[in-house]
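**Student:** Below you will find the structure I want to go over with you.
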Protein chains: 2
Amino acid sequence: MTPTIAVADVLQRARDITEPHLAQALDRLPDSIRRAASYHVGWTEADGRPRNQRGGKFVRAALAVLSAEAAWAEPDVGVPGAVAVELVHNFSLLHDDLMDGDLERRHRPTVWALWGPSLALLAGDALSTLATQVLLDSDNPAAPAAASALSKATAEMIAGQADDLAFEQERSVSVEECMAMSAAKTGALLGCAASIGAVLAGAPPATVQALEGFGRHLGVAFQAVDDLLGIWGDPATTGKPAGNDLRQRKKSMPIVAALAAGDDESRELDALLFGDPHKDGTPDALTAGAPAADVVKGNGHARASSKAKTTSQITRPQLARPDWAPVSPRPLSTEEVARATSLVECCGGREWTAARAKAHLDAALGSLERARLSALPRRALADLAVYVVERES
Amino acid sequence: MTPTIAVADVLQRARDITEPHLAQALDRLPDSIRRAASYHVGWTEADGRPRNQRGGKFVRAALAVLSAEAAWAEPDVGVPGAVAVELVHNFSLLHDDLMDGDLERRHRPTVWALWGPSLALLAGDALSTLATQVLLDSDNPAAPAAASALSKATAEMIAGQADDLAFEQERSVSVEECMAMSAAKTGALLGCAASIGAVLAGAPPATVQALEGFGRHLGVAFQAVDDLLGIWGDPATTGKPAGNDLRQRKKSMPIVAALAAGDDESRELDALLFGDPHKDGTPDALTAGAPAADVVKGNGHARASSKAKTTSQITRPQLARPDWAPVSPRPLSTEEVARATSLVECCGGREWTAARAKAHLDAALGSLERARLSALPRRALADLAVYVVERES
């Protein structure tokens with residue numbers, strides 16, 4: 001039996017190896033963006049002072065480093081991949097927070113909330129570009145292949161986000177569509193993280209594919225857990241408001257699964273979430289939003305600032321509302337969230353999603369088991385996968 | 001003497017060669033994003049119907065194709081570079097329109113105005129990623145070098161945009177800072193466009209550098225002309241409102257140059273533009289924005305829609321306003337814009353900027369002249385440069 005390696009140690013080591021290189025990469029950014037990025041990853045306070053607490057978990061960096069070792073290379077070989085996937089991950093968080101209007105992440109104000117939408121947008125753009133630079137600047141002969149894999153995964157992630165956005169306008173989303181969206185949105189980048197080290201190590205295609213499959217399944221399991229935490233997570237632990245996903249009527253796995261149950265409770269849930277005067281989705285409405293009003297202007301100056309005394313710079317569009325633009329629903333009230341939460345559970349949405357998490361974790365571990373890999377890193381990857389799926393934040 | 005090639009023909013040929021490959025690249029995008037991108041580049045209407053009019057000028061594609069030919073390669077060699085630079089250019093336009101709150105581009109509603117900020121943000125992200133994919137998927141052995149050059153130029157462009165954003169919060173910006181920002185924001189990508197074909201053709205470093213220098217200078221000249229059009233351009237031709245840059249108090253070249261004159265008119269201009277109760281920039285304020293209020297939410301549903309009857313989903317931040325966040329100025333009135341326009345001219349801002357455009361065009365042509373290049377493409381590049389600087393839209 002392969003000895004267990006403590007997951008905390010694996011994550012800490014990945015952080016120790018990756019952070020200096022990530023910091024070096026961020027040093028290439030202009031001051032304003034570097035400050036926001038350094039704040040975002042948890043290294044500094046908003047005013048630039050160093051911060052004593054740790055930032056993100058570096059799960060993706062750990063996967064990248066371990067995937068190099070699984071292919072019998074030194075951990076350093078995986079580092080450009082680790083830095084690049086962390087950069088892409090953080091780019092997606094910066095833009096997601098902006099799109100979702102989330103004010104807090106990990107119990108701290110988000111970058112857009114502090115510095116305005118424009119800086120958050122540019123910071124995301126900069127991190128995405130930097131990820132490609134980090135890989136292509138490396139002298140590893142497999143670096144172009146790694147950059148190619150990363151840009152493919154990034155494209156898939158963005159496509160998943162576009163699907164997620166389109167779901168908001170659709171009257172009903174099937175369980176299959178929802179799972180495909182999660183595989184793209186979360187699975188693609190985790191698949192890349194779990195194989196990019198092996199790509200950089202020059203591993204044979206079968207090894208790379210097995211590791212990628214492991215990461216993809218892990219990503220779907222990860223998203224299932226995320227969706228469970230989005231309804232039943234403890235706000236103190238997740239750093240997000242309780243019942244957030246239901247209030248925002250997100251078509252997350254438990255909700256979509258509950259709606260698919262087809263019984264009385266499921267119909268009540270459907271009426272509660274989408275029974276408002278709410279135009280049905282039409283083929284055209286798939287991608288349509290209302291003409292947005294309050295645009296990301298400048299660096300978000302003074303729009304409804306706490307003083308709210310400056311003349312607003314908001315540009316109000318004078319465009320005619322396209323007739324295919326759907327009317328948006330209002331957020332659910334706290335009482336409605338409570339009722340919807342129990343309906344989702346009652347319709348089996350919670351149980352179904354937990355089973356999906358378990359099934360995809362098993363599939364991930366199976367893919368790992370079938371690959372020809374070095375024993376210790378394989379064990380560490382498996383332990384890390386279990387940890388990720390059992391997490392509570 | 002090398003015969004003149006009509007610039008219109010050069011642009012038309014670049015369009016003819018590049019468009020099918022660009023269309024093929026866009027086919028890899030999810031439906032919602034492809035529809036927005038196809039609309040944005042001018043191929044389709046908002047509802048997806050084909051459009052008879054032409055879209056953008058394909059100047060960057062023409063530079064890329066010509067730079068391959070200048071290095072004695074076939075035009076096709078430059079095509080992946082042409083597609084990639086056009087993708088990066090369009091990514092930057094999508095995000096710029098969002099940041100600037102511009103409702104129209106080329107006399108048509110912008111993507112964010114039609115489909116909401118979130119889709120415009122994702123579409124920009126997708127085009128940026130697709131640019132890397134297009135290059136790395138090509139079987140040209142120089143493709144990784146081309147992808148590396150493009151990501152470096154993209155990073156510089158984003159840094160220039162971050163500087164531009166930071167300028168909004170600074171009390172005064174020097175002429176040197178303004179020129180450096182333009183070189184980064186516009187020069188970097190044009191420098192890449194004008195050399196990426198040569199990179200793909202395997203040209204020697206000296207040739208690539210000379211072409212890049214040509215493109216960089218051309219980019220600064222281009223930006224100078226853009227800044228002149230931003231004040232004195234004919235709205236019917238530019239597709240932007242008259243006096244747009246002054247109304248928004250942009251620190252563009254003519255304005256910064258006029259402010260640097262140091263005479264009475266220059267002080268009047270300064271008071272008019274920045275004499276409001278307007279907190280001075282401090283080192284901390286460099287990158288600070290007010291806590292933005294109306295965030296890019298969902299796909300911008302129904303916020304102040306023309307019906308304005310749905311409950312708003314706007315998330316209003318409850319964050320304390322950081323004390324280093326500057327108060328934003330109000331936009332100038334039409335009368336103030338008229339006065340400011342004549343003050344900028346009177347202080348020599350117009351003349352100075354026109355001279356900068358001329359000087360950088362000359363430097364661009366000089367760089368081209370000194371390089372070892374094939375004669376006809378060299379002449380076409382020179383003619384294209386003159387055309388770009390003499391344009392009126």
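For the structure tokens, the naming scheme is as follows: chains receive sequential letters (A, B, ...) according to their order of presentation, residues are indexed from 1 within each chain, and ligands are indexed from 1 in presentation order.
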Please give chain A as a short mmCIF file (atom, residue, chain, number, x, y, z; two decimals) with C-alpha atoms, in the first residue's frame, after it has been superposed on chain B by least squares over all Cα atoms paired in order.

**Tutor:**
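Okay, this is what ended up in part-v9.cif:
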data_model
loop_
_atom_site.label_atom_id
_atom_site.label_comp_id
_atom_site.auth_asym_id
_atom_site.auth_seq_id
_atom_site.Cartn_x
_atom_site.Cartn_y
_atom_site.Cartn_z
CA MET A 1 10.70 53.66 -58.35
CA THR A 2 8.41 51.01 -56.92
CA PRO A 3 4.92 51.23 -58.39
CA THR A 4 2.08 52.31 -56.12
CA ILE A 5 -0.45 49.69 -55.10
CA ALA A 6 -3.89 51.07 -54.30
CA VAL A 7 -4.41 50.90 -50.52
CA ALA A 8 -8.07 50.00 -51.03
CA ASP A 9 -6.96 46.93 -52.99
CA VAL A 10 -4.43 45.95 -50.34
CA LEU A 11 -7.10 46.17 -47.63
CA GLN A 12 -9.63 44.33 -49.75
CA ARG A 13 -7.18 41.53 -50.47
CA ALA A 14 -6.29 41.21 -46.77
CA ARG A 15 -9.99 41.01 -45.99
CA ASP A 16 -10.56 38.39 -48.72
CA ILE A 17 -7.68 36.22 -47.51
CA THR A 18 -8.34 36.63 -43.79
CA GLU A 19 -12.12 36.61 -43.44
CA PRO A 20 -12.71 32.91 -44.23
CA HIS A 21 -10.11 31.92 -41.63
CA LEU A 22 -11.51 34.36 -39.10
CA ALA A 23 -14.97 32.91 -39.72
CA GLN A 24 -13.59 29.41 -39.23
CA ALA A 25 -12.03 30.51 -35.94
CA LEU A 26 -15.28 32.09 -34.74
CA ASP A 27 -17.04 28.82 -35.52
CA ARG A 28 -15.22 27.32 -32.55
CA LEU A 29 -17.06 29.68 -30.18
CA PRO A 30 -20.32 28.88 -28.37
CA ASP A 31 -23.43 30.17 -30.18
CA SER A 32 -24.10 33.16 -27.94
CA ILE A 33 -20.55 34.46 -28.23
CA ARG A 34 -20.21 33.68 -31.92
CA ARG A 35 -23.36 35.65 -32.64
CA ALA A 36 -22.09 38.66 -30.73
CA ALA A 37 -18.62 38.43 -32.30
CA SER A 38 -20.02 38.08 -35.81
CA TYR A 39 -22.24 41.11 -35.17
CA HIS A 40 -19.33 43.03 -33.71
CA VAL A 41 -17.04 42.48 -36.70
CA GLY A 42 -19.88 43.62 -38.94
CA TRP A 43 -20.89 40.40 -40.68
CA THR A 44 -24.37 40.04 -39.22
CA GLU A 45 -27.22 42.01 -37.73
CA ALA A 46 -28.14 41.63 -34.06
CA ASP A 47 -30.72 39.00 -34.95
CA GLY A 48 -28.18 36.96 -36.89
CA ARG A 49 -29.25 37.94 -40.42
CA PRO A 50 -26.32 38.50 -42.80
CA ARG A 51 -25.41 42.12 -43.36
CA ASN A 52 -24.54 43.65 -46.69
CA GLN A 53 -22.21 46.36 -45.46
CA ARG A 54 -18.58 45.85 -44.66
CA GLY A 55 -17.27 45.81 -41.11
CA GLY A 56 -13.86 46.95 -39.90
CA LYS A 57 -11.03 48.03 -42.18
CA PHE A 58 -8.77 45.01 -41.54
CA VAL A 59 -5.73 47.29 -41.28
CA ARG A 60 -4.06 44.92 -38.84
CA ALA A 61 -4.72 41.91 -41.04
CA ALA A 62 -3.24 43.77 -44.01
CA LEU A 63 -0.13 44.64 -41.99
CA ALA A 64 0.30 40.99 -40.95
CA VAL A 65 -0.11 39.63 -44.48
CA LEU A 66 2.18 42.28 -45.98
CA SER A 67 4.82 41.62 -43.33
CA ALA A 68 4.98 37.98 -44.42
CA GLU A 69 5.37 39.07 -48.05
CA ALA A 70 7.96 41.69 -47.08
CA ALA A 71 10.01 38.73 -45.78
CA TRP A 72 9.62 36.99 -49.17
CA ALA A 73 6.92 34.55 -48.02
CA GLU A 74 3.51 33.90 -49.55
CA PRO A 75 0.66 35.96 -48.06
CA ASP A 76 -0.93 32.78 -46.66
CA VAL A 77 2.00 32.41 -44.28
CA GLY A 78 0.87 35.58 -42.52
CA VAL A 79 -2.78 34.57 -42.24
CA PRO A 80 -2.76 32.93 -38.77
CA GLY A 81 -1.05 36.10 -37.54
CA ALA A 82 -3.60 38.27 -39.35
CA VAL A 83 -6.50 36.36 -37.80
CA ALA A 84 -4.91 36.45 -34.34
CA VAL A 85 -4.20 40.21 -34.32
CA GLU A 86 -7.71 40.96 -35.58
CA LEU A 87 -9.07 38.78 -32.76
CA VAL A 88 -7.00 40.62 -30.14
CA HIS A 89 -8.02 43.97 -31.63
CA ASN A 90 -11.69 43.04 -31.45
CA PHE A 91 -11.30 41.70 -27.92
CA SER A 92 -9.91 45.09 -26.91
CA LEU A 93 -12.76 46.95 -28.64
CA LEU A 94 -15.39 44.83 -26.89
CA HIS A 95 -13.86 45.50 -23.47
CA ASP A 96 -13.13 49.17 -24.24
CA ASP A 97 -16.73 49.83 -25.24
CA LEU A 98 -17.81 48.27 -21.96
CA MET A 99 -15.36 50.30 -19.86
CA ASP A 100 -16.10 53.55 -21.67
CA GLY A 101 -19.84 52.98 -21.66
CA ASP A 102 -19.93 53.66 -25.39
CA LEU A 103 -23.32 52.87 -26.85
CA GLU A 104 -22.29 52.94 -30.49
CA ARG A 105 -19.38 51.83 -32.61
CA ARG A 106 -19.28 52.34 -36.36
CA HIS A 107 -22.85 53.74 -36.15
CA ARG A 108 -24.23 50.54 -34.62
CA PRO A 109 -25.14 49.67 -31.02
CA THR A 110 -22.22 48.09 -29.15
CA VAL A 111 -22.33 44.47 -28.04
CA TRP A 112 -22.77 45.30 -24.35
CA ALA A 113 -25.59 47.71 -25.19
CA LEU A 114 -27.40 44.97 -27.10
CA TRP A 115 -26.67 41.83 -25.11
CA GLY A 116 -25.55 43.12 -21.75
CA PRO A 117 -22.17 43.63 -20.09
CA SER A 118 -21.61 39.99 -19.17
CA LEU A 119 -21.84 38.69 -22.72
CA ALA A 120 -19.55 41.48 -23.95
CA LEU A 121 -17.07 40.62 -21.25
CA LEU A 122 -17.15 36.89 -22.06
CA ALA A 123 -16.96 37.56 -25.80
CA GLY A 124 -13.82 39.64 -25.29
CA ASP A 125 -12.31 36.91 -23.11
CA ALA A 126 -13.17 34.32 -25.75
CA LEU A 127 -11.61 36.28 -28.64
CA SER A 128 -8.44 36.86 -26.66
CA THR A 129 -8.09 33.14 -25.93
CA LEU A 130 -9.02 32.20 -29.51
CA ALA A 131 -6.16 34.35 -30.82
CA THR A 132 -3.64 32.18 -28.95
CA GLN A 133 -5.37 29.02 -30.12
CA VAL A 134 -5.32 30.08 -33.77
CA LEU A 135 -1.57 30.61 -33.66
CA LEU A 136 -0.67 27.53 -31.61
CA ASP A 137 -2.91 25.28 -33.73
CA SER A 138 -1.05 26.32 -36.87
CA ASP A 139 1.62 23.87 -38.01
CA ASN A 140 4.08 26.67 -38.77
CA PRO A 141 7.24 25.95 -36.73
CA ALA A 142 7.47 29.66 -35.88
CA ALA A 143 3.93 29.67 -34.46
CA PRO A 144 5.04 29.56 -30.78
CA ALA A 145 7.32 32.55 -31.38
CA ALA A 146 4.43 34.39 -33.04
CA ALA A 147 2.11 33.50 -30.13
CA SER A 148 4.73 34.71 -27.71
CA ALA A 149 5.09 38.02 -29.58
CA LEU A 150 1.33 38.46 -29.66
CA SER A 151 0.85 37.79 -25.96
CA LYS A 152 3.66 40.24 -25.16
CA ALA A 153 1.98 42.90 -27.30
CA THR A 154 -1.41 42.12 -25.74
CA ALA A 155 0.07 42.49 -22.25
CA GLU A 156 1.56 45.85 -23.23
CA MET A 157 -1.77 46.97 -24.70
CA ILE A 158 -3.56 46.08 -21.45
CA ALA A 159 -0.88 47.92 -19.45
CA GLY A 160 -1.50 50.96 -21.66
CA GLN A 161 -5.22 50.72 -20.99
CA ALA A 162 -4.50 50.51 -17.26
CA ASP A 163 -2.38 53.67 -17.54
CA ASP A 164 -5.17 55.37 -19.46
CA LEU A 165 -7.56 54.43 -16.66
CA ALA A 166 -5.13 55.64 -13.99
CA PHE A 167 -4.76 58.98 -15.81
CA GLU A 168 -8.43 59.66 -15.15
CA GLN A 169 -7.61 59.91 -11.47
CA GLU A 170 -4.45 61.97 -11.81
CA ARG A 171 -4.49 65.72 -11.48
CA SER A 172 -1.93 66.18 -14.20
CA VAL A 173 -0.35 63.91 -16.75
CA SER A 174 2.86 64.83 -18.51
CA VAL A 175 3.21 64.81 -22.27
CA GLU A 176 5.81 62.04 -21.90
CA GLU A 177 3.46 59.88 -19.82
CA CYS A 178 0.73 60.44 -22.37
CA MET A 179 2.97 59.42 -25.29
CA ALA A 180 4.23 56.35 -23.41
CA MET A 181 0.63 55.32 -22.73
CA SER A 182 -0.24 55.67 -26.44
CA ALA A 183 2.81 53.67 -27.46
CA ALA A 184 1.67 50.86 -25.15
CA LYS A 185 -2.07 51.06 -25.79
CA THR A 186 -1.93 51.34 -29.58
CA GLY A 187 1.68 50.97 -30.68
CA ALA A 188 2.33 47.53 -29.22
CA LEU A 189 -0.42 45.71 -31.13
CA LEU A 190 0.30 47.54 -34.40
CA GLY A 191 3.98 46.69 -33.93
CA CYS A 192 3.02 43.06 -33.56
CA ALA A 193 0.65 43.17 -36.54
CA ALA A 194 3.36 44.67 -38.75
CA SER A 195 5.91 41.99 -37.81
CA ILE A 196 4.00 38.81 -37.01
CA GLY A 197 3.92 37.75 -40.66
CA ALA A 198 7.70 38.08 -40.79
CA VAL A 199 7.98 36.02 -37.60
CA LEU A 200 5.84 33.32 -39.22
CA ALA A 201 7.99 33.57 -42.36
CA GLY A 202 11.07 32.81 -40.25
CA ALA A 203 12.64 36.19 -41.04
CA PRO A 204 15.87 37.19 -39.27
CA PRO A 205 15.51 39.18 -36.00
CA ALA A 206 16.72 42.43 -37.58
CA THR A 207 13.91 42.28 -40.14
CA VAL A 208 11.32 41.48 -37.49
CA GLN A 209 12.56 44.34 -35.29
CA ALA A 210 12.52 46.86 -38.13
CA LEU A 211 8.96 45.90 -39.04
CA GLU A 212 7.93 46.02 -35.40
CA GLY A 213 9.45 49.49 -35.06
CA PHE A 214 7.55 50.56 -38.17
CA GLY A 215 4.29 49.30 -36.65
CA ARG A 216 4.94 50.84 -33.24
CA HIS A 217 5.58 54.29 -34.68
CA LEU A 218 2.57 53.86 -36.93
CA GLY A 219 0.52 52.99 -33.86
CA VAL A 220 1.49 56.20 -32.08
CA ALA A 221 0.73 58.22 -35.23
CA PHE A 222 -2.58 56.35 -35.47
CA GLN A 223 -3.41 57.20 -31.84
CA ALA A 224 -2.50 60.87 -32.42
CA VAL A 225 -4.96 60.96 -35.32
CA ASP A 226 -7.54 59.19 -33.19
CA ASP A 227 -7.10 61.78 -30.46
CA LEU A 228 -7.51 64.60 -33.02
CA LEU A 229 -10.68 62.97 -34.34
CA GLY A 230 -11.91 62.59 -30.74
CA ILE A 231 -12.11 66.39 -30.55
CA TRP A 232 -12.42 67.67 -34.12
CA GLY A 233 -13.73 64.60 -35.95
CA ASP A 234 -17.00 64.73 -37.84
CA PRO A 235 -19.49 62.59 -35.87
CA ALA A 236 -21.07 61.51 -39.16
CA THR A 237 -17.74 60.01 -40.21
CA THR A 238 -16.27 58.82 -36.91
CA GLY A 239 -19.50 57.36 -35.57
CA LYS A 240 -18.76 58.97 -32.21
CA PRO A 241 -20.42 62.03 -30.63
CA ALA A 242 -18.66 65.36 -31.35
CA GLY A 243 -16.32 66.53 -28.64
CA ASN A 244 -16.53 63.16 -26.91
CA ASP A 245 -13.03 63.21 -25.42
CA LEU A 246 -13.39 66.68 -23.92
CA ARG A 247 -16.80 65.95 -22.48
CA GLN A 248 -15.30 62.92 -20.77
CA ARG A 249 -12.22 64.97 -19.74
CA LYS A 250 -9.97 62.35 -21.32
CA LYS A 251 -6.28 63.05 -21.01
CA SER A 252 -5.66 62.61 -24.72
CA MET A 253 -2.63 64.01 -26.57
CA PRO A 254 -4.06 67.40 -27.69
CA ILE A 255 -5.48 68.05 -24.23
CA VAL A 256 -2.34 67.07 -22.33
CA ALA A 257 -0.19 69.09 -24.74
CA ALA A 258 -2.47 72.14 -24.37
CA LEU A 259 -2.36 71.87 -20.58
CA ALA A 260 1.43 71.76 -20.72
CA ALA A 261 1.60 75.13 -22.55
CA GLY A 262 1.62 76.99 -19.23
CA ASP A 263 -0.03 80.22 -20.46
CA ASP A 264 -3.30 81.87 -19.44
CA GLU A 265 -5.42 79.84 -21.86
CA SER A 266 -3.81 76.67 -20.62
CA ARG A 267 -4.70 77.61 -17.04
CA GLU A 268 -8.27 78.38 -18.11
CA LEU A 269 -8.45 74.96 -19.77
CA ASP A 270 -7.11 73.30 -16.64
CA ALA A 271 -9.69 75.08 -14.48
CA LEU A 272 -12.46 74.16 -16.91
CA LEU A 273 -11.50 70.49 -17.03
CA PHE A 274 -10.23 69.84 -13.53
CA GLY A 275 -11.15 72.88 -11.45
CA ASP A 276 -14.32 71.29 -10.08
CA PRO A 277 -14.41 70.31 -6.42
CA HIS A 278 -12.21 67.41 -7.38
CA LYS A 279 -9.84 65.79 -5.00
CA ASP A 280 -6.24 65.86 -6.06
CA GLY A 281 -4.63 62.68 -7.15
CA THR A 282 -2.43 61.21 -4.47
CA PRO A 283 0.02 58.37 -4.95
CA ASP A 284 -2.60 56.03 -3.56
CA ALA A 285 -5.30 57.35 -5.79
CA LEU A 286 -3.36 56.36 -8.86
CA THR A 287 -5.31 53.20 -9.30
CA ALA A 288 -8.27 53.82 -7.12
CA GLY A 289 -11.86 54.05 -8.24
CA ALA A 290 -14.84 54.77 -6.12
CA PRO A 291 -16.57 51.64 -4.93
CA ALA A 292 -18.49 50.93 -8.06
CA ALA A 293 -22.16 50.67 -7.58
CA ASP A 294 -23.95 49.25 -10.53
CA VAL A 295 -22.06 46.17 -11.38
CA VAL A 296 -22.03 44.11 -14.50
CA LYS A 297 -24.81 41.90 -13.23
CA GLY A 298 -25.89 38.68 -14.89
CA ASN A 299 -26.28 39.58 -18.49
CA GLY A 300 -27.37 43.03 -17.54
CA HIS A 301 -30.97 42.12 -17.08
CA ALA A 302 -33.51 44.81 -16.94
CA ARG A 303 -31.43 47.33 -15.10
CA ALA A 304 -33.13 50.60 -15.93
CA SER A 305 -34.55 48.97 -19.01
CA SER A 306 -36.66 51.10 -21.28
CA LYS A 307 -39.65 49.77 -19.40
CA ALA A 308 -37.95 50.31 -16.03
CA LYS A 309 -40.65 48.35 -14.29
CA THR A 310 -38.87 45.28 -13.01
CA THR A 311 -37.40 45.14 -9.58
CA SER A 312 -33.80 46.03 -10.04
CA GLN A 313 -31.21 43.36 -9.50
CA ILE A 314 -28.55 45.95 -8.90
CA THR A 315 -26.37 45.03 -6.00
CA ARG A 316 -25.46 48.19 -4.17
CA PRO A 317 -22.22 47.80 -2.33
CA GLN A 318 -22.38 48.47 1.37
CA LEU A 319 -18.64 48.91 1.55
CA ALA A 320 -17.19 51.91 3.23
CA ARG A 321 -15.78 54.31 0.68
CA PRO A 322 -12.00 54.00 0.97
CA ASP A 323 -10.54 57.40 1.80
CA TRP A 324 -8.09 57.09 -1.06
CA ALA A 325 -10.88 56.74 -3.59
CA PRO A 326 -11.07 59.99 -5.53
CA VAL A 327 -14.27 61.82 -6.28
CA SER A 328 -15.12 61.66 -9.93
CA PRO A 329 -15.76 64.77 -12.03
CA ARG A 330 -19.04 65.39 -13.86
CA PRO A 331 -19.02 65.38 -17.68
CA LEU A 332 -18.54 68.77 -19.38
CA SER A 333 -21.57 70.58 -20.78
CA THR A 334 -21.87 71.31 -24.51
CA GLU A 335 -20.91 74.96 -23.92
CA GLU A 336 -17.90 73.92 -21.86
CA VAL A 337 -16.89 71.46 -24.60
CA ALA A 338 -17.01 74.27 -27.18
CA ARG A 339 -14.89 76.57 -25.02
CA ALA A 340 -12.44 73.79 -24.17
CA THR A 341 -12.12 72.86 -27.85
CA SER A 342 -11.07 76.37 -28.77
CA LEU A 343 -8.73 76.56 -25.76
CA VAL A 344 -7.01 73.31 -26.78
CA GLU A 345 -6.51 74.67 -30.28
CA CYS A 346 -5.41 78.05 -29.01
CA CYS A 347 -2.83 76.43 -26.67
CA GLY A 348 -1.36 74.55 -29.59
CA GLY A 349 -2.69 71.11 -28.62
CA ARG A 350 -4.06 70.46 -32.08
CA GLU A 351 -0.93 71.57 -33.91
CA TRP A 352 1.35 69.68 -31.52
CA THR A 353 -0.59 66.45 -31.93
CA ALA A 354 -0.69 66.77 -35.72
CA ALA A 355 3.08 67.27 -35.62
CA ARG A 356 3.43 64.13 -33.45
CA ALA A 357 1.37 62.19 -35.98
CA LYS A 358 3.63 63.42 -38.77
CA ALA A 359 6.85 62.73 -36.84
CA HIS A 360 5.82 59.19 -35.92
CA LEU A 361 4.68 58.49 -39.46
CA ASP A 362 8.10 59.65 -40.68
CA ALA A 363 9.82 57.48 -38.07
CA ALA A 364 7.68 54.52 -39.16
CA LEU A 365 8.59 55.05 -42.81
CA GLY A 366 12.25 55.44 -41.84
CA SER A 367 12.25 52.14 -39.99
CA LEU A 368 10.69 50.48 -43.03
CA GLU A 369 13.25 52.07 -45.35
CA ARG A 370 16.22 50.80 -43.35
CA ALA A 371 15.05 47.17 -43.29
CA ARG A 372 15.97 44.55 -45.85
CA LEU A 373 12.54 43.83 -47.35
CA SER A 374 10.91 42.77 -50.58
CA ALA A 375 10.18 45.90 -52.64
CA LEU A 376 6.46 45.68 -53.45
CA PRO A 377 5.21 44.75 -49.97
CA ARG A 378 7.48 47.44 -48.52
CA ARG A 379 5.83 50.01 -50.75
CA ALA A 380 2.37 48.70 -49.86
CA LEU A 381 3.20 48.95 -46.13
CA ALA A 382 4.35 52.54 -46.60
CA ASP A 383 1.22 53.48 -48.54
CA LEU A 384 -0.95 51.80 -45.94
CA ALA A 385 0.81 53.77 -43.19
CA VAL A 386 0.15 57.07 -44.96
CA TYR A 387 -3.47 56.09 -45.52
CA VAL A 388 -3.97 55.21 -41.84
CA VAL A 389 -2.58 58.53 -40.67
CA GLU A 390 -4.55 60.56 -43.20
CA ARG A 391 -7.86 58.83 -42.43
CA GLU A 392 -10.89 60.76 -41.19
CA SER A 393 -12.73 58.04 -39.30
#

**Student:** Run DSSP on the backbone and tell me which residues of range 63-204 of chain A come out as alpha helix (DSSP H); list them as a PyMOL selection string.

**Tutor:** chain A and resi 63-70+75-100+111-115+117-137+143-167+175-182+188-200
